[in-house]
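Worksheet: the structure to be examined is printed underneath.
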Amino acid sequence: MLGSARWCLLLCLRQALAWQPWCTQTWQNCSSVRKCCDLSAACYEMDGTWATCMKTPCETGIHGKDPDPIRNRTNWTCRELLPEYGDQCRPGFVEDLTNGVKGCVRPTEPPLMTFYMYRATDWKKVPLSEGINAANAPGLMYYLHNEVAGHCPRKFGITRVIRYKVTTRATKELYADAQKNFGLFLQFDAAQCTNPRCKLMIDKYGYIPGCTENPHSIANYGPLGKWYSLPGQCPFSRFWEKNQTCREEEPGGFCKYPPTGERDCTFSIDWQGEITMDELTGIWNYDWWCKQPEHNEYDKLTDKGTWTNFWDGIHDPGKDAWRLARFKNIFAGKYPQWPSDLGEPVCDGTWFEGDKPPKIQAG
């Protein structure tokens, strides 16, 4: 009798848990359950009666293309609603308690945003005042997986990953345009901007950080991988072509903390630890290891390695999640004095009319 009652209790509890809406699906009403199932989405408020989980940054005002006739005529507040417990506003937003509901809104002036960026590099010293590209953790892991692993030696001689605490502030010109914190992502090769829109972007907004996102279709290192650009001194010249004259005329956006948002003071960078590729993959003395017969760190054709399985399954969500967790845990273990996470800003890069999203390239 007792066994039957216990079985019934467990069954009822299981059914209750199965039907409990712990999260809200994309484009569904998240007014009650404000945690989105897709970690790359956020719960944005239309008004006091309705909100939905959206992947793209919400634009305030009338959503004229919304197929719903009511939402089509309603001014969206675009407050980002947060779960009742635990969460804080992400960088670039401030807390708002309209109608007693905890939410986040963009401030009226360009905010300071502090978050982590990661950069894969060799053992050479990285000049932070030069133009560089960096990424968030998922974006960096995808880059290592897709571009670096499987070469002997590794592509670009990459041996380590550096973590930076980056603080940014948009220029008044950029923020006034549409309350944007990022501009167009600009590709830097040898510290030279190779994007044809680079000069137009800098002339219009100053030396602003840029951002773009990698879709889940290219790897499952979710939430969305982000790539950042930080325009430095002499952005139109390569390392060896830069001189004192161009450094004075084209100062870039790097400056001491806190960045002021002036056209030449949009970001500051602080070193916050680094890990080696050997620590990440568990392959010690890689230069020797990769030269051994039949050793291959990763093969794109077979989607696996030989004598190592660290990179096996680039589109396997479980394996990608495990690799990403290992990446973060190594940093957390080596540098317990610093937070393991500072939050993720919204990647709201400004586009010029007619532009297409940039394609991430190696380098």
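Naming works like this for the structure tokens: A, B, ... for the chains as they're shown, residue 1 at the start of each chain, ligands 1 onward in shown order.
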
task = Name the residues in contact with A:Ala190 at a cut-off of 6 Å, using only C-alpha atoms, excluding same-chain residues fewer than 2 positions from it; report them as a PyMOL selection string.
result = chain A and resi 192+238-239

Write a file of the selected residues as an mmCIF file, in the first residue's frame, keeping N, CA and C atoms.
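Once everything was written out, this is selection.cif:
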```
data_model
loop_
_atom_site.group_PDB
_atom_site.id
_atom_site.type_symbol
_atom_site.label_atom_id
_atom_site.label_comp_id
_atom_site.auth_asym_id
_atom_site.auth_seq_id
_atom_site.Cartn_x
_atom_site.Cartn_y
_atom_site.Cartn_z
ATOM 1 N N GLN A 192 45.534 46.321 -39.642
ATOM 2 C CA GLN A 192 45.000 47.211 -40.672
ATOM 3 C C GLN A 192 43.546 46.860 -40.943
ATOM 4 N N ARG A 238 49.354 48.741 -41.905
ATOM 5 C CA ARG A 238 49.761 47.509 -41.252
ATOM 6 C C ARG A 238 50.810 47.806 -40.179
ATOM 7 N N PHE A 239 51.077 46.811 -39.325
ATOM 8 C CA PHE A 239 51.981 47.007 -38.192
ATOM 9 C C PHE A 239 53.245 47.757 -38.590
#
```

Which residues come within 8 Å of A:Tyr142, counting only C-alpha atoms, excluding same-chain residues fewer than 3 positions away, as a PDB file with all heavy atoms, in the first residue's frame?
```pdb
ATOM      1  N   PRO A 138      32.027  31.913 -26.590  1.00  0.00           N
ATOM      2  CA  PRO A 138      31.546  31.038 -27.664  1.00  0.00           C
ATOM      3  C   PRO A 138      32.156  31.380 -29.024  1.00  0.00           C
ATOM      4  O   PRO A 138      32.495  30.488 -29.803  1.00  0.00           O
ATOM      5  CB  PRO A 138      30.029  31.271 -27.659  1.00  0.00           C
ATOM      6  CG  PRO A 138      29.717  31.748 -26.289  1.00  0.00           C
ATOM      7  CD  PRO A 138      30.896  32.565 -25.882  1.00  0.00           C
ATOM      8  N   GLY A 139      32.299  32.671 -29.323  1.00  0.00           N
ATOM      9  CA  GLY A 139      32.886  33.068 -30.593  1.00  0.00           C
ATOM     10  C   GLY A 139      34.335  32.642 -30.707  1.00  0.00           C
ATOM     11  O   GLY A 139      34.795  32.207 -31.774  1.00  0.00           O
ATOM     12  N   HIS A 145      38.053  26.155 -33.147  1.00  0.00           N
ATOM     13  CA  HIS A 145      37.598  24.881 -33.703  1.00  0.00           C
ATOM     14  C   HIS A 145      37.636  24.901 -35.229  1.00  0.00           C
ATOM     15  O   HIS A 145      38.075  23.938 -35.869  1.00  0.00           O
ATOM     16  CB  HIS A 145      36.170  24.606 -33.218  1.00  0.00           C
ATOM     17  CG  HIS A 145      35.798  23.160 -33.228  1.00  0.00           C
ATOM     18  ND1 HIS A 145      34.791  22.641 -32.450  1.00  0.00           N
ATOM     19  CD2 HIS A 145      36.292  22.097 -33.919  1.00  0.00           C
ATOM     20  CE1 HIS A 145      34.690  21.346 -32.656  1.00  0.00           C
ATOM     21  NE2 HIS A 145      35.580  20.993 -33.556  1.00  0.00           N
ATOM     22  N   ASN A 146      37.186  25.987 -35.819  1.00  0.00           N
ATOM     23  CA  ASN A 146      37.013  26.040 -37.263  1.00  0.00           C
ATOM     24  C   ASN A 146      38.267  26.481 -38.017  1.00  0.00           C
ATOM     25  O   ASN A 146      38.478  26.085 -39.167  1.00  0.00           O
ATOM     26  CB  ASN A 146      35.864  26.988 -37.609  1.00  0.00           C
ATOM     27  CG  ASN A 146      35.467  26.918 -39.067  1.00  0.00           C
ATOM     28  OD1 ASN A 146      35.085  25.868 -39.562  1.00  0.00           O
ATOM     29  ND2 ASN A 146      35.570  28.041 -39.760  1.00  0.00           N
ATOM     30  N   ALA A 219      28.083  26.465 -35.685  1.00  0.00           N
ATOM     31  CA  ALA A 219      28.561  25.688 -34.537  1.00  0.00           C
ATOM     32  C   ALA A 219      27.551  25.867 -33.420  1.00  0.00           C
ATOM     33  O   ALA A 219      26.729  26.775 -33.459  1.00  0.00           O
ATOM     34  CB  ALA A 219      29.949  26.142 -34.082  1.00  0.00           C
ATOM     35  N   TYR A 221      28.195  26.522 -30.194  1.00  0.00           N
ATOM     36  CA  TYR A 221      28.741  27.155 -29.001  1.00  0.00           C
ATOM     37  C   TYR A 221      27.807  28.290 -28.582  1.00  0.00           C
ATOM     38  O   TYR A 221      28.150  29.459 -28.634  1.00  0.00           O
ATOM     39  CB  TYR A 221      30.154  27.683 -29.270  1.00  0.00           C
ATOM     40  CG  TYR A 221      31.187  26.595 -29.448  1.00  0.00           C
ATOM     41  CD1 TYR A 221      31.703  26.298 -30.698  1.00  0.00           C
ATOM     42  CD2 TYR A 221      31.625  25.856 -28.357  1.00  0.00           C
ATOM     43  CE1 TYR A 221      32.646  25.294 -30.872  1.00  0.00           C
ATOM     44  CE2 TYR A 221      32.564  24.845 -28.513  1.00  0.00           C
ATOM     45  CZ  TYR A 221      33.071  24.568 -29.772  1.00  0.00           C
ATOM     46  OH  TYR A 221      33.997  23.565 -29.933  1.00  0.00           O
ATOM     47  N   GLY A 225      27.785  33.287 -30.557  1.00  0.00           N
ATOM     48  CA  GLY A 225      29.146  33.781 -30.515  1.00  0.00           C
ATOM     49  C   GLY A 225      29.206  35.205 -31.043  1.00  0.00           C
ATOM     50  O   GLY A 225      28.520  35.551 -32.003  1.00  0.00           O
TER      51      GLY A 225
END
```

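Excluding A:Val161 itself and any same-chain residue fewer than 3 positions from it, the protein and nucleic acid residues within 8 Å of it, counting only C-alpha atoms, are A:Tyr118, A:Arg119, A:Ala120, A:Thr121, A:Glu274, A:Ile275, A:Thr276, A:Met277.
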
Need the shell around stretch 262-273 of chain A: protein/DNA/RNA residues with any atom at most 9 Å away, counting only C-alpha atoms. Skip same-chain ones fewer than 2 positions apart. Format as a short mmCIF file (atom, residue, chain, number, x, y, z; two decimals) with N, CA, C and O atoms, in the first residue's frame?
```
data_model
loop_
_atom_site.label_atom_id
_atom_site.label_comp_id
_atom_site.auth_asym_id
_atom_site.auth_seq_id
_atom_site.Cartn_x
_atom_site.Cartn_y
_atom_site.Cartn_z
N TYR A 116 33.93 40.80 -20.80
CA TYR A 116 35.14 40.10 -21.21
C TYR A 116 35.21 39.93 -22.72
O TYR A 116 34.19 39.68 -23.39
N LEU A 128 48.00 46.61 -27.46
CA LEU A 128 46.57 46.87 -27.30
C LEU A 128 46.13 48.17 -27.96
O LEU A 128 44.94 48.37 -28.19
N VAL A 161 45.29 31.79 -25.23
CA VAL A 161 44.10 32.65 -25.30
C VAL A 161 44.18 33.64 -24.15
O VAL A 161 44.32 33.25 -22.98
N ILE A 162 44.10 34.92 -24.48
CA ILE A 162 44.16 35.98 -23.47
C ILE A 162 42.75 36.50 -23.21
O ILE A 162 41.96 36.69 -24.14
N ARG A 163 42.44 36.70 -21.94
CA ARG A 163 41.16 37.29 -21.56
C ARG A 163 41.38 38.76 -21.18
O ARG A 163 42.29 39.07 -20.41
N TYR A 164 40.56 39.62 -21.73
CA TYR A 164 40.64 41.05 -21.42
C TYR A 164 39.33 41.52 -20.79
O TYR A 164 38.24 41.11 -21.21
N LYS A 165 39.47 42.37 -19.79
CA LYS A 165 38.30 43.09 -19.28
C LYS A 165 38.24 44.40 -20.05
O LYS A 165 39.11 45.26 -19.91
N VAL A 166 37.23 44.52 -20.89
CA VAL A 166 37.11 45.67 -21.78
C VAL A 166 35.96 46.56 -21.32
O VAL A 166 34.88 46.06 -21.00
N THR A 167 36.22 47.84 -21.27
CA THR A 167 35.18 48.81 -20.96
C THR A 167 35.01 49.73 -22.16
O THR A 167 36.00 50.27 -22.67
N THR A 168 33.79 49.86 -22.63
CA THR A 168 33.52 50.68 -23.81
C THR A 168 32.51 51.77 -23.49
O THR A 168 31.72 51.65 -22.55
N ARG A 169 32.55 52.82 -24.26
CA ARG A 169 31.51 53.84 -24.23
C ARG A 169 31.34 54.38 -25.65
O ARG A 169 32.32 54.79 -26.29
N ALA A 170 30.12 54.34 -26.15
CA ALA A 170 29.85 54.82 -27.50
C ALA A 170 30.03 56.33 -27.58
O ALA A 170 29.86 57.05 -26.59
N THR A 171 30.36 56.82 -28.76
CA THR A 171 30.41 58.26 -28.96
C THR A 171 29.00 58.83 -28.98
O THR A 171 28.02 58.12 -29.23
N LYS A 172 28.89 60.12 -28.73
CA LYS A 172 27.58 60.76 -28.76
C LYS A 172 26.96 60.68 -30.14
O LYS A 172 25.74 60.55 -30.28
N GLU A 173 27.80 60.74 -31.17
CA GLU A 173 27.28 60.66 -32.54
C GLU A 173 26.61 59.30 -32.79
O GLU A 173 25.54 59.23 -33.39
N ILE A 202 34.49 55.44 -39.33
CA ILE A 202 35.29 56.27 -38.42
C ILE A 202 35.00 57.74 -38.62
O ILE A 202 34.87 58.51 -37.65
N TYR A 205 31.39 58.30 -36.98
CA TYR A 205 31.14 58.04 -35.57
C TYR A 205 32.37 58.11 -34.67
O TYR A 205 32.25 58.07 -33.45
N GLY A 206 33.56 58.17 -35.23
CA GLY A 206 34.76 58.08 -34.43
C GLY A 206 35.26 56.65 -34.37
O GLY A 206 34.76 55.76 -35.06
N TYR A 207 36.26 56.40 -33.50
CA TYR A 207 36.87 55.07 -33.40
C TYR A 207 36.04 54.19 -32.47
O TYR A 207 36.42 53.90 -31.33
N ILE A 208 34.91 53.74 -32.96
CA ILE A 208 33.96 53.02 -32.12
C ILE A 208 34.18 51.51 -32.22
O ILE A 208 34.50 50.98 -33.28
N PRO A 209 34.01 50.78 -31.11
CA PRO A 209 34.04 49.32 -31.17
C PRO A 209 32.91 48.80 -32.05
O PRO A 209 31.82 49.38 -32.10
N LEU A 230 38.12 46.51 -32.34
CA LEU A 230 38.56 47.65 -31.56
C LEU A 230 39.54 48.46 -32.41
O LEU A 230 40.72 48.11 -32.52
N GLU A 250 45.89 59.80 -36.42
CA GLU A 250 44.86 58.77 -36.34
C GLU A 250 45.04 58.01 -35.03
O GLU A 250 45.58 56.91 -34.99
N PRO A 251 44.61 58.59 -33.90
CA PRO A 251 44.94 58.06 -32.57
C PRO A 251 44.21 56.79 -32.17
O PRO A 251 44.60 56.13 -31.21
N GLY A 252 43.13 56.43 -32.86
CA GLY A 252 42.37 55.25 -32.47
C GLY A 252 41.50 55.51 -31.24
O GLY A 252 41.44 56.62 -30.72
N GLY A 253 40.84 54.46 -30.76
CA GLY A 253 39.90 54.62 -29.65
C GLY A 253 40.40 54.15 -28.30
O GLY A 253 39.72 54.31 -27.29
N PHE A 254 41.62 53.55 -28.24
CA PHE A 254 42.15 53.04 -26.98
C PHE A 254 42.56 54.18 -26.07
O PHE A 254 43.23 55.13 -26.49
N CYS A 255 42.16 54.11 -24.79
CA CYS A 255 42.53 55.14 -23.82
C CYS A 255 42.47 54.55 -22.42
O CYS A 255 42.06 53.41 -22.22
N LYS A 256 42.88 55.34 -21.44
CA LYS A 256 42.84 54.89 -20.05
C LYS A 256 41.40 54.84 -19.55
O LYS A 256 40.53 55.55 -20.03
N TYR A 257 41.19 53.99 -18.54
CA TYR A 257 39.86 53.87 -17.93
C TYR A 257 39.55 55.12 -17.12
O TYR A 257 40.43 55.66 -16.44
N PRO A 258 38.31 55.60 -17.15
CA PRO A 258 37.19 55.13 -17.97
C PRO A 258 37.15 55.85 -19.31
O PRO A 258 37.47 57.04 -19.38
N PRO A 259 36.76 55.17 -20.38
CA PRO A 259 36.62 55.86 -21.66
C PRO A 259 35.55 56.94 -21.58
O PRO A 259 34.52 56.75 -20.94
N THR A 260 35.82 58.06 -22.22
CA THR A 260 34.93 59.22 -22.12
C THR A 260 33.83 59.23 -23.17
O THR A 260 32.85 59.96 -23.03
N ILE A 275 45.18 31.43 -20.81
CA ILE A 275 45.39 29.99 -20.72
C ILE A 275 46.09 29.54 -22.00
O ILE A 275 46.02 30.22 -23.03
N PHE A 331 39.84 29.09 -16.83
CA PHE A 331 40.06 30.49 -16.44
C PHE A 331 39.66 30.70 -14.98
O PHE A 331 40.38 31.35 -14.21
N LYS A 334 42.26 29.15 -12.60
CA LYS A 334 43.56 29.82 -12.57
C LYS A 334 43.48 31.21 -11.95
O LYS A 334 44.46 31.69 -11.36
N TYR A 335 42.32 31.86 -12.10
CA TYR A 335 42.20 33.26 -11.66
C TYR A 335 40.96 33.45 -10.79
O TYR A 335 40.01 34.16 -11.18
N TRP A 338 39.21 36.97 -9.90
CA TRP A 338 38.38 37.75 -10.82
C TRP A 338 37.08 37.02 -11.12
O TRP A 338 37.03 35.79 -11.12
#
```

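With only C-alpha atoms taken into account, the protein and nucleic acid residues at most 10 Å from A:Thr308 (excluding it and anything under 2 positions from it in its own chain) are Thr281, Gly282, Ile283, His295, Asn296, Glu297, Tyr298, Lys304, Gly305, Thr306, Phe310, Trp311 and Asp312 of chain A.
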
Can I get the residues of stretch 71-111 of chain A within 10 Å of stretch 41-62 of chain A, each with the closest pair of atoms and their distance in Å to one decimal, using only C-alpha atoms, sorted chain first then ascending number, as a tab-separated table?
```
residue	atom	partner	partner_atom	distance
A:Arg71	CA	A:Met46	CA	7.6
A:Asn72	CA	A:Ile62	CA	6.5
A:Arg73	CA	A:Ile62	CA	6.2
A:Thr74	CA	A:Ile62	CA	5.8
A:Asn75	CA	A:Gly61	CA	4.5
A:Trp76	CA	A:Met46	CA	4.2
A:Thr77	CA	A:Thr60	CA	5.5
A:Cys78	CA	A:Glu45	CA	5.0
A:Arg79	CA	A:Glu45	CA	5.2
A:Glu80	CA	A:Tyr44	CA	4.6
A:Leu81	CA	A:Cys43	CA	5.4
A:Leu82	CA	A:Cys43	CA	7.3
A:Pro83	CA	A:Cys43	CA	9.2
A:Thr98	CA	A:Gly48	CA	9.0
A:Asn99	CA	A:Gly48	CA	7.7
A:Val101	CA	A:Gly48	CA	9.3
A:Gly103	CA	A:Glu45	CA	8.8
A:Cys104	CA	A:Tyr44	CA	9.3
```

Taking the backbone alone, and naming residues the way the document does, which bits of stretch 128-285 of chain A are strand (DSSP E) by DSSP, as a PDB file with N, CA and C atoms, in the first residue's frame?
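File part-v9.pdb, as written:
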```pdb
ATOM      1  N   ILE A 132      42.558  45.568 -33.261  1.00  0.00           N
ATOM      2  CA  ILE A 132      42.484  44.125 -33.043  1.00  0.00           C
ATOM      3  C   ILE A 132      41.041  43.648 -33.158  1.00  0.00           C
ATOM      4  N   ASN A 133      40.911  42.353 -33.401  1.00  0.00           N
ATOM      5  CA  ASN A 133      39.630  41.661 -33.314  1.00  0.00           C
ATOM      6  C   ASN A 133      39.673  40.716 -32.126  1.00  0.00           C
ATOM      7  N   ALA A 134      38.570  40.602 -31.432  1.00  0.00           N
ATOM      8  CA  ALA A 134      38.466  39.698 -30.290  1.00  0.00           C
ATOM      9  C   ALA A 134      37.065  39.093 -30.306  1.00  0.00           C
ATOM     10  N   ALA A 135      36.761  38.263 -29.319  1.00  0.00           N
ATOM     11  CA  ALA A 135      35.477  37.554 -29.323  1.00  0.00           C
ATOM     12  C   ALA A 135      35.016  37.293 -27.903  1.00  0.00           C
ATOM     13  N   ARG A 160      48.028  30.412 -27.179  1.00  0.00           N
ATOM     14  CA  ARG A 160      47.360  30.815 -25.941  1.00  0.00           C
ATOM     15  C   ARG A 160      46.117  31.643 -26.246  1.00  0.00           C
ATOM     16  N   VAL A 161      45.285  31.793 -25.228  1.00  0.00           N
ATOM     17  CA  VAL A 161      44.097  32.649 -25.298  1.00  0.00           C
ATOM     18  C   VAL A 161      44.182  33.643 -24.146  1.00  0.00           C
ATOM     19  N   ILE A 162      44.103  34.925 -24.478  1.00  0.00           N
ATOM     20  CA  ILE A 162      44.158  35.982 -23.471  1.00  0.00           C
ATOM     21  C   ILE A 162      42.746  36.498 -23.210  1.00  0.00           C
ATOM     22  N   ARG A 163      42.442  36.701 -21.943  1.00  0.00           N
ATOM     23  CA  ARG A 163      41.159  37.294 -21.563  1.00  0.00           C
ATOM     24  C   ARG A 163      41.385  38.756 -21.178  1.00  0.00           C
ATOM     25  N   TYR A 164      40.562  39.625 -21.730  1.00  0.00           N
ATOM     26  CA  TYR A 164      40.641  41.048 -21.419  1.00  0.00           C
ATOM     27  C   TYR A 164      39.333  41.519 -20.786  1.00  0.00           C
ATOM     28  N   LYS A 165      39.466  42.366 -19.787  1.00  0.00           N
ATOM     29  CA  LYS A 165      38.296  43.092 -19.282  1.00  0.00           C
ATOM     30  C   LYS A 165      38.244  44.400 -20.054  1.00  0.00           C
ATOM     31  N   VAL A 166      37.230  44.522 -20.890  1.00  0.00           N
ATOM     32  CA  VAL A 166      37.114  45.665 -21.784  1.00  0.00           C
ATOM     33  C   VAL A 166      35.965  46.555 -21.319  1.00  0.00           C
ATOM     34  N   THR A 167      36.223  47.837 -21.268  1.00  0.00           N
ATOM     35  CA  THR A 167      35.178  48.812 -20.960  1.00  0.00           C
ATOM     36  C   THR A 167      35.011  49.726 -22.165  1.00  0.00           C
ATOM     37  N   THR A 168      33.787  49.862 -22.634  1.00  0.00           N
ATOM     38  CA  THR A 168      33.525  50.682 -23.814  1.00  0.00           C
ATOM     39  C   THR A 168      32.506  51.772 -23.491  1.00  0.00           C
ATOM     40  N   GLY A 183      29.296  49.771 -33.419  1.00  0.00           N
ATOM     41  CA  GLY A 183      29.213  50.045 -34.837  1.00  0.00           C
ATOM     42  C   GLY A 183      29.406  48.770 -35.633  1.00  0.00           C
ATOM     43  N   LEU A 184      29.647  48.937 -36.905  1.00  0.00           N
ATOM     44  CA  LEU A 184      29.886  47.815 -37.805  1.00  0.00           C
ATOM     45  C   LEU A 184      31.150  47.066 -37.397  1.00  0.00           C
ATOM     46  N   PHE A 188      40.313  43.358 -38.964  1.00  0.00           N
ATOM     47  CA  PHE A 188      41.683  43.862 -38.908  1.00  0.00           C
ATOM     48  C   PHE A 188      42.650  42.734 -39.234  1.00  0.00           C
ATOM     49  N   ASP A 189      43.485  42.947 -40.225  1.00  0.00           N
ATOM     50  CA  ASP A 189      44.543  42.013 -40.583  1.00  0.00           C
ATOM     51  C   ASP A 189      45.867  42.746 -40.444  1.00  0.00           C
ATOM     52  N   GLN A 192      45.534  46.321 -39.642  1.00  0.00           N
ATOM     53  CA  GLN A 192      45.000  47.211 -40.672  1.00  0.00           C
ATOM     54  C   GLN A 192      43.546  46.860 -40.943  1.00  0.00           C
ATOM     55  N   CYS A 193      42.684  47.867 -40.962  1.00  0.00           N
ATOM     56  CA  CYS A 193      41.273  47.629 -41.256  1.00  0.00           C
ATOM     57  C   CYS A 193      41.120  47.337 -42.745  1.00  0.00           C
ATOM     58  N   GLY A 210      33.183  47.712 -32.748  1.00  0.00           N
ATOM     59  CA  GLY A 210      32.170  47.084 -33.591  1.00  0.00           C
ATOM     60  C   GLY A 210      31.827  45.699 -33.088  1.00  0.00           C
ATOM     61  N   CYS A 211      30.734  45.151 -33.598  1.00  0.00           N
ATOM     62  CA  CYS A 211      30.278  43.845 -33.127  1.00  0.00           C
ATOM     63  C   CYS A 211      29.493  43.134 -34.221  1.00  0.00           C
ATOM     64  N   THR A 212      29.606  41.811 -34.260  1.00  0.00           N
ATOM     65  CA  THR A 212      28.766  40.976 -35.111  1.00  0.00           C
ATOM     66  C   THR A 212      28.570  39.642 -34.411  1.00  0.00           C
ATOM     67  N   GLU A 213      27.567  38.879 -34.830  1.00  0.00           N
ATOM     68  CA  GLU A 213      27.246  37.609 -34.183  1.00  0.00           C
ATOM     69  C   GLU A 213      27.388  36.453 -35.158  1.00  0.00           C
ATOM     70  N   ASN A 214      27.796  35.306 -34.629  1.00  0.00           N
ATOM     71  CA  ASN A 214      27.841  34.068 -35.402  1.00  0.00           C
ATOM     72  C   ASN A 214      26.564  33.288 -35.158  1.00  0.00           C
ATOM     73  N   GLY A 225      27.785  33.287 -30.557  1.00  0.00           N
ATOM     74  CA  GLY A 225      29.146  33.781 -30.515  1.00  0.00           C
ATOM     75  C   GLY A 225      29.206  35.205 -31.043  1.00  0.00           C
ATOM     76  N   LYS A 226      30.000  36.023 -30.411  1.00  0.00           N
ATOM     77  CA  LYS A 226      30.147  37.418 -30.827  1.00  0.00           C
ATOM     78  C   LYS A 226      31.600  37.700 -31.183  1.00  0.00           C
ATOM     79  N   TRP A 227      31.771  38.520 -32.217  1.00  0.00           N
ATOM     80  CA  TRP A 227      33.089  39.010 -32.596  1.00  0.00           C
ATOM     81  C   TRP A 227      33.098  40.528 -32.485  1.00  0.00           C
ATOM     82  N   TYR A 228      34.195  41.043 -31.948  1.00  0.00           N
ATOM     83  CA  TYR A 228      34.321  42.480 -31.718  1.00  0.00           C
ATOM     84  C   TYR A 228      35.513  43.039 -32.495  1.00  0.00           C
ATOM     85  N   SER A 229      35.417  44.311 -32.826  1.00  0.00           N
ATOM     86  CA  SER A 229      36.550  45.027 -33.416  1.00  0.00           C
ATOM     87  C   SER A 229      36.835  46.265 -32.582  1.00  0.00           C
ATOM     88  N   LEU A 230      38.116  46.508 -32.343  1.00  0.00           N
ATOM     89  CA  LEU A 230      38.561  47.654 -31.559  1.00  0.00           C
ATOM     90  C   LEU A 230      39.537  48.465 -32.411  1.00  0.00           C
ATOM     91  N   PHE A 267      37.335  52.970 -25.701  1.00  0.00           N
ATOM     92  CA  PHE A 267      37.500  51.691 -25.007  1.00  0.00           C
ATOM     93  C   PHE A 267      38.811  51.654 -24.227  1.00  0.00           C
ATOM     94  N   SER A 268      38.775  50.932 -23.115  1.00  0.00           N
ATOM     95  CA  SER A 268      39.974  50.641 -22.327  1.00  0.00           C
ATOM     96  C   SER A 268      40.066  49.128 -22.165  1.00  0.00           C
ATOM     97  N   ILE A 269      41.278  48.631 -21.986  1.00  0.00           N
ATOM     98  CA  ILE A 269      41.508  47.187 -21.932  1.00  0.00           C
ATOM     99  C   ILE A 269      42.427  46.856 -20.766  1.00  0.00           C
ATOM    100  N   ASP A 270      42.054  45.837 -19.996  1.00  0.00           N
ATOM    101  CA  ASP A 270      42.897  45.331 -18.914  1.00  0.00           C
ATOM    102  C   ASP A 270      43.068  43.825 -19.066  1.00  0.00           C
ATOM    103  N   TRP A 271      44.300  43.358 -18.942  1.00  0.00           N
ATOM    104  CA  TRP A 271      44.590  41.922 -18.974  1.00  0.00           C
ATOM    105  C   TRP A 271      43.937  41.254 -17.775  1.00  0.00           C
ATOM    106  N   GLN A 272      43.234  40.140 -18.029  1.00  0.00           N
ATOM    107  CA  GLN A 272      42.553  39.424 -16.948  1.00  0.00           C
ATOM    108  C   GLN A 272      42.814  37.928 -17.033  1.00  0.00           C
ATOM    109  N   GLY A 273      44.033  37.584 -17.385  1.00  0.00           N
ATOM    110  CA  GLY A 273      44.417  36.179 -17.375  1.00  0.00           C
ATOM    111  C   GLY A 273      44.559  35.586 -18.765  1.00  0.00           C
ATOM    112  N   GLU A 274      45.201  34.435 -18.824  1.00  0.00           N
ATOM    113  CA  GLU A 274      45.363  33.719 -20.088  1.00  0.00           C
ATOM    114  C   GLU A 274      45.536  32.236 -19.819  1.00  0.00           C
ATOM    115  N   ILE A 275      45.184  31.431 -20.806  1.00  0.00           N
ATOM    116  CA  ILE A 275      45.394  29.990 -20.724  1.00  0.00           C
ATOM    117  C   ILE A 275      46.088  29.544 -22.003  1.00  0.00           C
ATOM    118  N   THR A 276      46.766  28.414 -21.933  1.00  0.00           N
ATOM    119  CA  THR A 276      47.445  27.894 -23.110  1.00  0.00           C
ATOM    120  C   THR A 276      46.535  26.917 -23.849  1.00  0.00           C
TER     121      THR A 276
END
```

task = Using DSSP on the backbone coordinates, identify all residues within stretch 38-264 of chain A classified as alpha helix (DSSP H); present the result as a VMD selection string.
result = chain A and resid 137 to 143 172 to 178 198 to 205 244 to 249

Those residues with C-alpha atoms, as a tab-separated table (two decimals), in the first residue's frame please?
```
chain	number	residue	atom	x	y	z
A	137	ALA	CA	33.88	32.85	-25.20
A	138	PRO	CA	31.55	31.04	-27.66
A	139	GLY	CA	32.89	33.07	-30.59
A	140	LEU	CA	36.47	32.34	-29.61
A	141	MET	CA	35.83	28.61	-29.24
A	142	TYR	CA	34.24	28.47	-32.67
A	143	TYR	CA	37.24	30.29	-34.15
A	172	LYS	CA	27.58	60.76	-28.76
A	173	GLU	CA	27.28	60.66	-32.54
A	174	LEU	CA	26.69	56.90	-32.52
A	175	TYR	CA	24.34	56.86	-29.54
A	176	ALA	CA	22.26	59.71	-30.91
A	177	ASP	CA	21.84	57.80	-34.18
A	178	ALA	CA	19.66	55.12	-32.56
A	198	CYS	CA	36.13	51.48	-42.34
A	199	LYS	CA	36.84	55.11	-43.23
A	200	LEU	CA	33.15	55.97	-43.56
A	201	MET	CA	32.43	54.45	-40.15
A	202	ILE	CA	35.29	56.27	-38.42
A	203	ASP	CA	34.57	59.58	-40.13
A	204	LYS	CA	30.92	59.43	-39.10
A	205	TYR	CA	31.14	58.04	-35.57
A	244	GLN	CA	54.59	58.58	-35.19
A	245	THR	CA	52.93	60.92	-37.67
A	246	CYS	CA	49.97	58.67	-38.35
A	247	ARG	CA	49.68	57.76	-34.66
A	248	GLU	CA	49.15	61.44	-33.87
A	249	GLU	CA	46.77	62.05	-36.77
```

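Of note, atom CA of A:Asp348 and atom CA of A:Phe185 are spaced 10.2 Å apart.
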